[in-house]
$ cat input.csv   # CSV, C-alpha atoms
chain,number,residue,atom,x,y,z
A,1,MET,CA,0.0,0.0,0.0
A,2,ASP,CA,1.4,3.4,-1.0
A,3,ALA,CA,2.3,5.7,1.9
A,4,PRO,CA,0.0,8.7,2.2
A,5,LYS,CA,1.3,11.7,0.4
A,6,SER,CA,2.4,14.6,2.5
A,7,PRO,CA,0.5,17.8,1.8
A,8,PRO,CA,2.4,20.4,-0.2
A,9,ALA,CA,4.4,22.9,1.8
A,10,ALA,CA,2.7,26.2,2.4
A,11,PRO,CA,4.3,29.1,0.6
A,12,THR,CA,6.6,31.2,2.7
A,13,PRO,CA,4.7,34.3,3.6
A,14,ARG,CA,6.3,37.6,2.6
A,15,GLU,CA,7.5,39.6,5.6
A,16,PRO,CA,5.6,42.9,6.2
A,17,ILE,CA,7.1,46.1,4.8
A,18,PRO,CA,9.2,47.6,7.7
A,19,HIS,CA,8.2,50.8,9.3
A,20,ASP,CA,11.3,52.7,8.1
A,21,VAL,CA,10.6,51.8,4.5
A,22,TRP,CA,7.1,53.3,4.8
A,23,SER,CA,8.3,56.4,6.6
A,24,VAL,CA,11.2,57.1,4.3
A,25,SER,CA,8.9,56.6,1.4
A,26,ALA,CA,6.4,59.1,2.8
A,27,ALA,CA,9.2,61.7,3.2
A,28,SER,CA,10.3,61.0,-0.4
A,29,LEU,CA,6.7,61.7,-1.6
A,30,PHE,CA,6.5,65.1,0.0
A,31,SER,CA,10.1,66.0,-1.0
A,32,ASP,CA,9.4,65.1,-4.7
A,33,TRP,CA,6.1,67.0,-4.6
A,34,SER,CA,8.1,70.1,-3.5
A,35,TYR,CA,10.9,70.1,-6.0
A,36,GLU,CA,8.9,68.8,-9.0
A,37,MET,CA,6.8,72.0,-8.6
A,38,VAL,CA,10.0,73.7,-9.5
A,39,LEU,CA,11.8,71.4,-12.0
A,40,GLY,CA,9.1,71.1,-14.6
A,41,VAL,CA,8.8,74.9,-15.2
A,42,LEU,CA,12.4,75.8,-14.5
A,43,PRO,CA,13.7,75.4,-18.1
A,44,PHE,CA,11.0,77.7,-19.4
A,45,PHE,CA,11.6,80.2,-16.6
A,46,LEU,CA,15.3,80.2,-17.6
A,47,ALA,CA,14.7,80.3,-21.4
A,48,PHE,CA,11.8,82.7,-21.6
A,49,THR,CA,12.0,84.8,-18.4
A,50,LEU,CA,15.7,85.0,-18.0
A,51,ALA,CA,16.7,84.6,-21.7
A,52,ALA,CA,19.0,81.6,-21.1
A,53,SER,CA,20.3,79.4,-23.9
A,54,PRO,CA,20.0,75.6,-24.1
A,55,PHE,CA,23.7,75.5,-23.1
A,56,VAL,CA,22.9,77.5,-19.9
A,57,VAL,CA,20.0,75.3,-19.1
A,58,GLY,CA,22.2,72.3,-19.5
A,59,LEU,CA,25.0,74.0,-17.5
A,60,ILE,CA,22.7,74.6,-14.6
A,61,SER,CA,21.2,71.1,-14.6
A,62,GLY,CA,24.6,69.5,-15.0
A,63,CYS,CA,26.2,71.5,-12.2
A,64,ALA,CA,23.3,70.7,-9.9
A,65,ASP,CA,23.5,67.0,-10.7
A,66,PHE,CA,27.3,67.1,-10.2
A,67,ALA,CA,26.9,68.8,-6.8
A,68,GLN,CA,24.3,66.3,-5.8
A,69,SER,CA,26.5,63.4,-6.8
A,70,GLY,CA,29.8,64.8,-5.7
A,71,VAL,CA,28.7,65.2,-2.1
A,72,GLN,CA,27.3,61.7,-2.0
A,73,ASN,CA,30.8,60.2,-1.7
A,74,PHE,CA,31.4,62.2,1.5
A,75,ALA,CA,27.9,61.5,2.7
A,76,GLY,CA,28.4,57.8,2.0
A,77,GLY,CA,30.9,57.5,4.8
A,78,ALA,CA,30.5,59.0,8.3
A,79,TRP,CA,27.5,61.1,7.2
A,80,ALA,CA,25.4,57.9,6.4
A,81,SER,CA,26.7,55.8,9.2
A,82,GLY,CA,26.1,55.6,12.9
A,83,PRO,CA,24.0,57.7,15.3
A,84,GLY,CA,22.6,61.1,14.2
A,85,ARG,CA,22.2,60.2,10.5
A,86,ARG,CA,18.5,60.8,10.7
A,87,ALA,CA,19.0,64.4,11.7
A,88,ARG,CA,21.7,64.8,9.0
A,89,GLY,CA,19.2,63.4,6.4
A,90,ALA,CA,16.5,65.9,7.6
A,91,LEU,CA,19.0,68.7,7.2
A,92,GLY,CA,19.5,67.6,3.6
A,93,TYR,CA,15.8,67.8,3.0
A,94,LEU,CA,15.6,71.2,4.5
A,95,THR,CA,18.5,72.6,2.3
A,96,THR,CA,16.7,71.4,-0.8
A,97,THR,CA,13.5,73.0,0.2
A,98,VAL,CA,15.0,76.4,1.0
A,99,GLY,CA,17.2,76.5,-2.0
A,100,HIS,CA,14.3,75.9,-4.4
A,101,GLY,CA,12.0,78.3,-2.5
A,102,LEU,CA,14.5,81.1,-2.9
A,103,LEU,CA,14.3,80.8,-6.7
A,104,ALA,CA,11.2,83.0,-6.4
A,105,LEU,CA,13.6,85.9,-5.9
A,106,ALA,CA,16.0,85.1,-8.8
A,107,VAL,CA,16.4,87.8,-11.5
A,108,VAL,CA,19.5,86.5,-13.4
A,109,TRP,CA,20.5,83.0,-14.3
A,110,PRO,CA,23.7,82.8,-12.2
A,111,GLU,CA,21.4,83.2,-9.1
A,112,VAL,CA,19.5,80.2,-10.4
A,113,LEU,CA,22.7,78.3,-10.8
A,114,ALA,CA,23.8,79.0,-7.2
A,115,LEU,CA,20.4,78.1,-5.7
A,116,ARG,CA,20.1,74.9,-7.7
A,117,VAL,CA,23.6,73.8,-6.7
A,118,ALA,CA,22.8,74.5,-3.1
A,119,ALA,CA,19.5,72.6,-3.3
A,120,TRP,CA,20.9,69.6,-5.0
A,121,THR,CA,23.9,69.5,-2.6
A,122,GLY,CA,21.3,69.1,0.2
A,123,ARG,CA,19.6,66.3,-1.9
A,124,GLY,CA,23.0,64.6,-2.4
A,125,SER,CA,23.8,64.7,1.3
A,126,ARG,CA,20.6,62.8,2.2
A,127,GLN,CA,20.6,60.2,-0.6
A,128,PRO,CA,23.1,57.8,0.9
A,129,VAL,CA,21.5,58.2,4.3
A,130,LYS,CA,18.0,57.4,2.9
A,131,LYS,CA,19.3,54.5,0.9
A,132,ALA,CA,21.4,53.0,3.7
A,133,ILE,CA,18.3,53.2,6.0
A,134,LEU,CA,16.2,51.4,3.4
A,135,ALA,CA,18.9,48.8,2.7
A,136,ASN,CA,19.4,48.1,6.4
A,137,ALA,CA,15.7,48.0,7.2
A,138,SER,CA,15.0,45.3,4.6
A,139,SER,CA,16.1,41.6,4.3
A,140,THR,CA,18.4,40.7,1.5
A,141,GLU,CA,15.6,39.0,-0.5
A,142,GLU,CA,13.3,42.1,-0.2
A,143,GLN,CA,15.7,44.9,-1.4
A,144,GLY,CA,13.8,45.4,-4.7
A,145,ARG,CA,10.4,45.6,-3.0
A,146,SER,CA,11.7,48.2,-0.5
A,147,PHE,CA,13.5,50.4,-3.1
A,148,GLY,CA,10.5,50.0,-5.5
A,149,LEU,CA,8.0,51.2,-2.9
A,150,GLU,CA,10.2,54.2,-2.0
A,151,GLN,CA,10.7,55.1,-5.7
A,152,ALA,CA,7.0,54.6,-6.4
A,153,MET,CA,6.0,57.0,-3.6
A,154,ASP,CA,8.8,59.4,-4.7
A,155,SER,CA,7.3,59.5,-8.2
A,156,VAL,CA,3.7,59.9,-6.8
A,157,GLY,CA,5.1,63.1,-5.3
A,158,ALA,CA,6.5,64.0,-8.7
A,159,VAL,CA,3.0,63.6,-10.2
A,160,LEU,CA,1.5,65.8,-7.5
A,161,GLY,CA,4.2,68.4,-8.0
A,162,THR,CA,3.8,68.6,-11.7
A,163,ALA,CA,0.0,68.7,-11.4
A,164,SER,CA,0.4,71.6,-8.9
A,165,ALA,CA,2.6,73.5,-11.3
A,166,ILE,CA,0.1,73.0,-14.2
A,167,GLY,CA,-2.8,74.1,-11.9
A,168,LEU,CA,-1.0,77.3,-11.0
A,169,ILE,CA,-0.2,78.1,-14.7
A,170,LEU,CA,-3.8,77.4,-15.8
A,171,TRP,CA,-5.0,79.7,-13.0
A,172,GLY,CA,-2.6,82.6,-13.5
A,173,GLY,CA,-0.5,82.0,-16.6
A,174,VAL,CA,3.3,81.8,-16.8
A,175,GLY,CA,3.5,84.8,-14.6
A,176,GLU,CA,2.9,82.3,-11.7
A,177,PHE,CA,6.4,80.8,-12.1
A,178,ARG,CA,7.6,82.7,-9.0
A,179,GLU,CA,4.5,81.9,-6.9
A,180,ASP,CA,5.0,78.2,-7.8
A,181,PHE,CA,8.6,78.3,-6.5
A,182,ALA,CA,7.5,80.0,-3.3
A,183,LEU,CA,4.6,77.5,-2.7
A,184,SER,CA,6.9,74.5,-3.2
A,185,VAL,CA,8.3,75.1,0.3
A,186,LEU,CA,5.1,73.8,1.9
A,187,PRO,CA,5.4,70.1,0.9
A,188,GLY,CA,9.2,70.3,1.4
A,189,ILE,CA,8.7,71.2,5.1
A,190,ALA,CA,6.4,68.2,5.5
A,191,ALA,CA,9.2,66.0,4.2
A,192,VAL,CA,11.7,67.4,6.7
A,193,LEU,CA,9.3,66.8,9.6
A,194,ILE,CA,8.4,63.2,8.5
A,195,PHE,CA,12.1,62.2,8.1
A,196,TYR,CA,13.1,63.7,11.4
A,197,LEU,CA,10.1,62.8,13.6
A,198,VAL,CA,8.7,59.5,12.1
A,199,VAL,CA,11.8,57.6,10.8
A,200,ARG,CA,13.1,55.3,13.6
A,201,ASP,CA,16.4,54.1,12.1
A,202,ARG,CA,17.2,51.6,14.8
A,203,ALA,CA,20.1,50.2,12.7
A,204,GLY,CA,21.7,53.6,12.6
A,205,ARG,CA,21.4,54.1,16.4
A,206,SER,CA,23.0,50.8,17.1
A,207,SER,CA,25.7,50.9,14.4
A,208,PRO,CA,29.3,50.4,15.6
A,209,TYR,CA,30.8,52.4,12.8
A,210,ARG,CA,32.2,55.8,13.5
A,211,GLY,CA,34.2,58.4,11.6
A,212,ARG,CA,35.3,57.2,8.2
A,213,ARG,CA,35.0,53.5,9.1
A,214,GLY,CA,31.9,53.2,7.0
A,215,TRP,CA,33.6,54.6,4.0
A,216,VAL,CA,35.4,52.3,1.5
A,217,PRO,CA,38.3,53.8,-0.6
A,218,TRP,CA,38.3,53.1,-4.4
A,219,ALA,CA,41.1,50.6,-4.2
A,220,ASP,CA,39.2,48.5,-1.6
A,221,LEU,CA,36.0,48.3,-3.7
A,222,PRO,CA,35.3,44.9,-5.1
A,223,PRO,CA,36.5,44.5,-8.7
A,224,TRP,CA,33.0,43.7,-9.9
A,225,PHE,CA,31.7,47.0,-8.4
A,226,ARG,CA,34.5,49.0,-10.1
A,227,THR,CA,33.5,47.4,-13.4
A,228,PHE,CA,29.9,48.4,-12.7
A,229,LEU,CA,30.9,52.0,-11.9
A,230,PHE,CA,33.0,52.2,-15.1
A,231,ALA,CA,29.9,51.2,-17.2
A,232,GLU,CA,28.0,53.9,-15.2
A,233,ILE,CA,30.5,56.5,-16.2
A,234,VAL,CA,30.3,55.7,-19.9
A,235,PHE,CA,26.5,55.6,-19.8
A,236,GLY,CA,26.5,58.9,-17.8
A,237,LEU,CA,28.4,60.6,-20.7
A,238,GLY,CA,25.3,59.9,-22.8
A,239,TYR,CA,22.8,60.8,-20.1
A,240,PHE,CA,21.3,64.3,-19.7
A,241,ASN,CA,18.9,65.9,-17.4
A,242,ILE,CA,15.2,65.5,-18.3
A,243,LEU,CA,14.9,69.3,-18.2
A,244,LEU,CA,16.8,69.4,-21.5
A,245,ALA,CA,14.2,67.1,-23.0
A,246,LEU,CA,11.4,69.4,-21.8
A,247,LEU,CA,13.1,72.3,-23.5
A,248,ARG,CA,13.6,70.3,-26.7
A,249,VAL,CA,9.9,69.5,-26.8
A,250,GLY,CA,9.0,73.1,-26.1
A,251,ASP,CA,11.1,74.2,-29.1
A,252,GLU,CA,9.1,71.6,-31.2
A,253,LEU,CA,5.8,72.8,-29.9
A,254,LEU,CA,6.3,76.6,-30.0
A,255,PRO,CA,5.7,77.1,-33.8
A,256,ALA,CA,2.6,74.9,-33.7
A,257,ALA,CA,1.2,76.9,-30.8
A,258,GLY,CA,1.5,80.2,-32.6
A,259,GLY,CA,4.0,81.5,-30.1
A,260,SER,CA,1.7,81.0,-27.1
A,261,LEU,CA,4.1,80.4,-24.2
A,262,SER,CA,1.4,79.4,-21.8
A,263,GLU,CA,0.1,76.7,-24.2
A,264,VAL,CA,3.6,75.4,-24.8
A,265,VAL,CA,4.5,75.2,-21.1
A,266,VAL,CA,1.2,73.5,-20.1
A,267,THR,CA,1.6,71.0,-23.0
A,268,ALA,CA,5.2,70.2,-22.1
A,269,LEU,CA,4.2,69.8,-18.4
A,270,LEU,CA,1.4,67.4,-19.4
A,271,LEU,CA,4.1,65.3,-21.1
A,272,TYR,CA,6.2,65.6,-18.0
A,273,LEU,CA,3.1,64.5,-16.0
A,274,VAL,CA,2.8,61.4,-18.2
A,275,TYR,CA,6.5,60.7,-17.6
A,276,ASN,CA,6.0,60.8,-13.9
A,277,LEU,CA,2.8,58.8,-14.0
A,278,ILE,CA,4.6,56.0,-15.8
A,279,PHE,CA,7.5,56.3,-13.4
A,280,SER,CA,5.2,56.1,-10.5
A,281,GLY,CA,3.1,53.2,-11.8
A,282,LEU,CA,6.1,51.0,-12.7
A,283,SER,CA,8.5,51.6,-9.8
A,284,TYR,CA,7.0,49.1,-7.4
A,285,PRO,CA,6.4,46.3,-10.0
A,286,VAL,CA,10.0,46.8,-11.2
A,287,GLY,CA,11.1,46.4,-7.6
A,288,ARG,CA,9.3,43.0,-7.5
A,289,TRP,CA,10.9,42.1,-10.8
A,290,ALA,CA,14.3,43.1,-9.5
A,291,ASP,CA,13.9,40.6,-6.6
A,292,ARG,CA,13.1,37.8,-9.2
A,293,ILE,CA,15.8,38.9,-11.8
A,294,PRO,CA,18.6,40.0,-9.4
A,295,GLY,CA,21.4,40.4,-12.0
A,296,VAL,CA,22.3,43.4,-14.1
A,297,GLY,CA,19.9,42.5,-16.9
A,298,LEU,CA,17.4,45.1,-16.0
A,299,ILE,CA,20.2,47.8,-15.7
A,300,ILE,CA,21.3,46.9,-19.2
A,301,VAL,CA,17.7,47.3,-20.5
A,302,SER,CA,17.5,50.7,-18.8
A,303,PHE,CA,20.7,51.9,-20.5
A,304,ALA,CA,19.3,50.8,-23.9
A,305,LEU,CA,16.0,52.5,-23.2
A,306,PHE,CA,17.7,55.9,-22.8
A,307,ALA,CA,19.2,55.4,-26.3
A,308,VAL,CA,15.7,55.0,-27.6
A,309,VAL,CA,14.7,58.3,-25.9
A,310,ASP,CA,17.7,59.9,-27.7
A,311,PHE,CA,16.5,58.6,-31.1
A,312,LEU,CA,13.0,60.0,-30.5
A,313,LEU,CA,14.4,63.4,-29.6
A,314,LEU,CA,16.5,63.7,-32.8
A,315,GLY,CA,13.8,65.9,-34.3
A,316,PHE,CA,12.7,63.8,-37.3
A,317,GLY,CA,9.4,62.4,-35.8
A,318,GLY,CA,7.7,65.7,-34.7
A,319,VAL,CA,5.3,65.9,-31.8
A,320,VAL,CA,4.4,62.2,-31.9
A,321,ALA,CA,8.0,61.3,-31.3
A,322,SER,CA,8.3,63.8,-28.5
A,323,VAL,CA,5.3,62.2,-26.8
A,324,LEU,CA,6.8,58.7,-27.2
A,325,ALA,CA,10.1,60.0,-25.8
A,326,PHE,CA,8.5,60.9,-22.5
A,327,VAL,CA,6.7,57.6,-22.4
A,328,VAL,CA,9.9,55.7,-22.9
A,329,ALA,CA,11.8,58.0,-20.5
A,330,GLY,CA,9.2,57.2,-17.7
A,331,VAL,CA,9.8,53.5,-18.2
A,332,GLN,CA,13.6,54.0,-18.4
A,333,VAL,CA,14.0,55.9,-15.1
A,334,ALA,CA,11.7,53.5,-13.2
A,335,VAL,CA,13.8,50.5,-14.4
A,336,GLN,CA,17.2,52.1,-13.8
A,337,GLY,CA,16.6,53.6,-10.4
A,338,VAL,CA,15.1,50.5,-8.7
A,339,SER,CA,17.4,47.9,-10.5
A,340,GLU,CA,20.6,49.8,-9.6
A,341,SER,CA,19.7,50.5,-6.0
A,342,SER,CA,18.4,46.9,-5.3
A,343,TRP,CA,21.5,45.4,-7.0
A,344,VAL,CA,23.9,47.4,-5.0
A,345,GLY,CA,22.0,46.8,-1.8
A,346,ARG,CA,21.8,43.1,-2.4
A,347,HIS,CA,25.6,42.7,-3.0
A,348,MET,CA,27.4,45.2,-0.8
A,349,PRO,CA,27.8,44.4,3.0
A,350,ALA,CA,25.4,46.3,5.2
A,351,GLU,CA,28.2,48.3,6.8
A,352,SER,CA,29.4,49.5,3.4
A,353,ALA,CA,26.0,50.2,1.8
A,354,GLY,CA,26.2,53.9,2.4
A,355,SER,CA,29.7,54.2,0.9
A,356,ALA,CA,28.6,52.1,-2.1
A,357,PHE,CA,25.7,54.4,-2.8
A,358,GLY,CA,28.0,57.3,-2.3
A,359,TRP,CA,30.4,56.0,-4.9
A,360,LEU,CA,27.6,55.3,-7.3
A,361,GLY,CA,26.2,58.8,-7.0
A,362,THR,CA,29.6,60.4,-7.3
A,363,VAL,CA,30.6,58.7,-10.6
A,364,GLN,CA,27.1,59.3,-12.0
A,365,GLY,CA,27.4,63.0,-11.1
A,366,PHE,CA,30.8,63.4,-12.8
A,367,ALA,CA,29.7,61.6,-15.9
A,368,ILE,CA,26.2,63.2,-16.1
A,369,LEU,CA,27.7,66.7,-15.8
A,370,GLY,CA,29.9,65.9,-18.8
A,371,GLY,CA,27.0,64.4,-20.7
A,372,THR,CA,24.6,67.2,-20.0
A,373,LEU,CA,27.1,69.9,-20.9
A,374,LEU,CA,28.1,68.0,-24.1
A,375,ALA,CA,24.5,67.6,-25.2
A,376,GLY,CA,23.7,71.3,-24.4
A,377,ALA,CA,26.7,72.6,-26.1
A,378,LEU,CA,26.3,70.5,-29.3
A,379,TRP,CA,22.6,71.4,-29.4
A,380,ALA,CA,23.2,75.2,-28.9
A,381,TYR,CA,26.3,75.5,-31.2
A,382,VAL,CA,26.2,72.6,-33.7
A,383,SER,CA,23.0,70.7,-34.1
A,384,ALA,CA,20.4,68.9,-31.9
A,385,PRO,CA,20.5,65.6,-34.0
A,386,LEU,CA,24.3,65.4,-33.3
A,387,ALA,CA,23.8,66.0,-29.6
A,388,PHE,CA,21.2,63.3,-29.2
A,389,GLY,CA,22.8,60.9,-31.6
A,390,LEU,CA,26.1,60.9,-29.7
A,391,SER,CA,24.2,60.5,-26.4
A,392,ALA,CA,22.6,57.3,-27.8
A,393,ALA,CA,26.0,55.9,-28.7
A,394,PHE,CA,27.4,56.4,-25.2
A,395,CYS,CA,24.3,54.8,-23.6
A,396,LEU,CA,24.6,51.7,-25.8
A,397,LEU,CA,28.3,51.4,-25.1
A,398,GLY,CA,27.6,51.5,-21.3
A,399,ALA,CA,25.1,48.7,-21.8
A,400,VAL,CA,27.7,46.6,-23.6
A,401,LEU,CA,30.2,47.1,-20.8
A,402,LEU,CA,27.8,45.5,-18.3
A,403,VAL,CA,27.6,42.2,-20.2
A,404,PRO,CA,30.6,40.6,-18.3
A,405,LEU,CA,28.7,41.1,-15.0
A,406,LEU,CA,25.7,39.4,-16.6
A,407,ALA,CA,27.8,36.4,-17.5
A,408,ARG,CA,29.7,36.3,-14.2
A,409,PRO,CA,27.5,37.9,-11.5
A,410,PRO,CA,29.0,38.6,-8.0
A,411,GLU,CA,27.9,36.7,-5.0
A,412,PRO,CA,25.2,38.3,-2.9
A,413,ARG,CA,26.0,39.5,0.6
A,414,ALA,CA,25.1,37.1,3.5
A,415,ALA,CA,21.4,36.9,3.9
A,416,ARG,CA,20.0,39.0,6.8
A,417,VAL,CA,16.6,39.7,8.3
A,418,ALA,CA,14.9,43.1,8.4
A,419,GLN,CA,15.5,45.3,11.4

$ encode --input "input.csv" --output "structure tokens"
Amino acid sequence: MDAPKSPPAAPTPREPIPHDVWSVSAASLFSDWSYEMVLGVLPFFLAFTLAASPFVVGLISGCADFAQSGVQNFAGGAWASGPGRRARGALGYLTTTVGHGLLALAVVWPEVLALRVAAWTGRGSRQPVKKAILANASSTEEQGRSFGLEQAMDSVGAVLGTASAIGLILWGGVGEFREDFALSVLPGIAAVLIFYLVVRDRAGRSSPYRGRRGWVPWADLPPWFRTFLFAEIVFGLGYFNILLALLRVGDELLPAAGGSLSEVVVTALLLYLVYNLIFSGLSYPVGRWADRIPGVGLIIVSFALFAVVDFLLLGFGGVVASVLAFVVAGVQVAVQGVSESSWVGRHMPAESAGSAFGWLGTVQGFAILGGTLLAGALWAYVSAPLAFGLSAAFCLLGAVLLVPLLARPPEPRAARVAQ
């Protein structure tokens, strides 16, 4: 007689999302709400109110991104490790909020440059803190879910910020640029309070790391991580800030709109809203995919997707291509942000997570500064098709450089449970 069959094992229940993942994600929502009220209209404020060229728009965006990323290497060490990092993260949120709010007083573009650099320096100082808290709050197997939730709520804030800017322009016209900058302070203050008062960060309070002990020098980084960073550098040379894409679309739309600036700005912001809606809707599912596809495959896809954005912005497809560019860009940024963060969080030791994210942000900042300046200069002084065509080539080369990591992936860090 056959022995009775044992019942199938019950599936292992997924652990609940930790408190710190929810609270950090809520802070991200309000912070993004704040600065996306500014970013969507900023290229038009620069170009049409302050008479700045595409190169100046690229210069300001590139310098801000560079400042954000450059400070992340410092912030990835002592700043993101040990007691007090929650207060330091809240200070970064506050700096971003105040810097963007003061744009309401700017009358020449160098003032915008200084304030954007200050605001993004604050953002860069909090990024490794935020990501280290997320990585340490989550188990090794749930990194993608945690980073996906945080990015999804972050992009919901971007949707709210863009919608707020559209509402103000529809209400009062493009003369409301400055009022929009001033009102952006309100959700920014909410983000500061949530991060400082609601985030618990038990891991940070109990961390044994002090001083620079949480920071890892370049020579001590694992070889696979240096290969990854080199590919990021090459890709970054082809990457440019989304604000340049907004200005590119505005240039395409202005003749069709009969020179109506309000109509052009609202239409471009609606495309930006579509971009953020796609970004928001895909971030959490992509995080779940990143837990099931833990290698660099999704990162390679994201690099190739930005090359598609470049081809759509070449200028040969008209308004339809511009719309598609923002659709693809929304998919691209969702895939890249979550897949990179979860991959680094999964493979770097917990005590080095802040430093790893700092290094990633730093090399991205240096490269993206070069890429944004290159695209802006070629567009302003040579031709837009050359600018976006060269960008596509760098993006595809960066994807190719990641293939060795796809063939020989690194070992994940030792499994750990959530805090």

$ residues_around --input "input.csv" --residues "region 109-126 of chain A" --least-positions-apart "5" --cutoff "7 Å" --atoms "only C-alpha atoms" --output "PyMOL selection string"
chain A and resi 46+50+60+63-65+67-69+71-72+75+89+92-93+95-97+99-100+103

$ closest_residue --input "input.csv" --among "A:Val363, A:Leu378, A:Ile278, A:Val403" --to "Val333 (chain A)" --atoms "only C-alpha atoms"
A:Ile278

$ atom_distance --input "input.csv" --atom1 "CA of His347 (chain A)" --atom2 "CA of Ser138 (chain A)"
13.3 Å

$ atom_distance --input "input.csv" --atom1 "CA of Ala307 (chain A)" --atom2 "CA of Leu42 (chain A)"
24.5 Å

$ closest_residue --input "input.csv" --among "A:Tyr35, A:Phe388, A:Trp359, A:Tyr381" --to "Val185 (chain A)" --atoms "all atoms listed in the file"
A:Tyr35

$ residues_around --input "input.csv" --residues "Glu411 (chain A)" --least-positions-apart "5" --cutoff "12 Å" --atoms "all atoms listed in the file" --output "list in words"
Pro222, Trp224, Phe225, Pro294, Gly295, Trp343, Val344, Arg346, His347, Met348, Pro349 and Leu405 of chain A

$ decode --input "input.csv" --residues "region 138-156 of chain A" --atoms "C-alpha atoms" --output "compact mmCIF listing (two decimals), in the first residue's frame"
# COMPACT_ATOMS: atom_id res chain seq x y z
CA SER A 138 15.05 45.26 4.59
CA SER A 139 16.08 41.63 4.27
CA THR A 140 18.44 40.65 1.46
CA GLU A 141 15.58 39.03 -0.48
CA GLU A 142 13.31 42.10 -0.21
CA GLN A 143 15.66 44.85 -1.42
CA GLY A 144 13.84 45.36 -4.72
CA ARG A 145 10.44 45.62 -3.03
CA SER A 146 11.66 48.24 -0.54
CA PHE A 147 13.46 50.39 -3.09
CA GLY A 148 10.55 49.97 -5.49
CA LEU A 149 8.04 51.21 -2.90
CA GLU A 150 10.23 54.20 -2.02
CA GLN A 151 10.70 55.12 -5.68
CA ALA A 152 6.98 54.64 -6.39
CA MET A 153 5.98 57.03 -3.60
CA ASP A 154 8.76 59.40 -4.67
CA SER A 155 7.29 59.49 -8.16
CA VAL A 156 3.74 59.91 -6.84
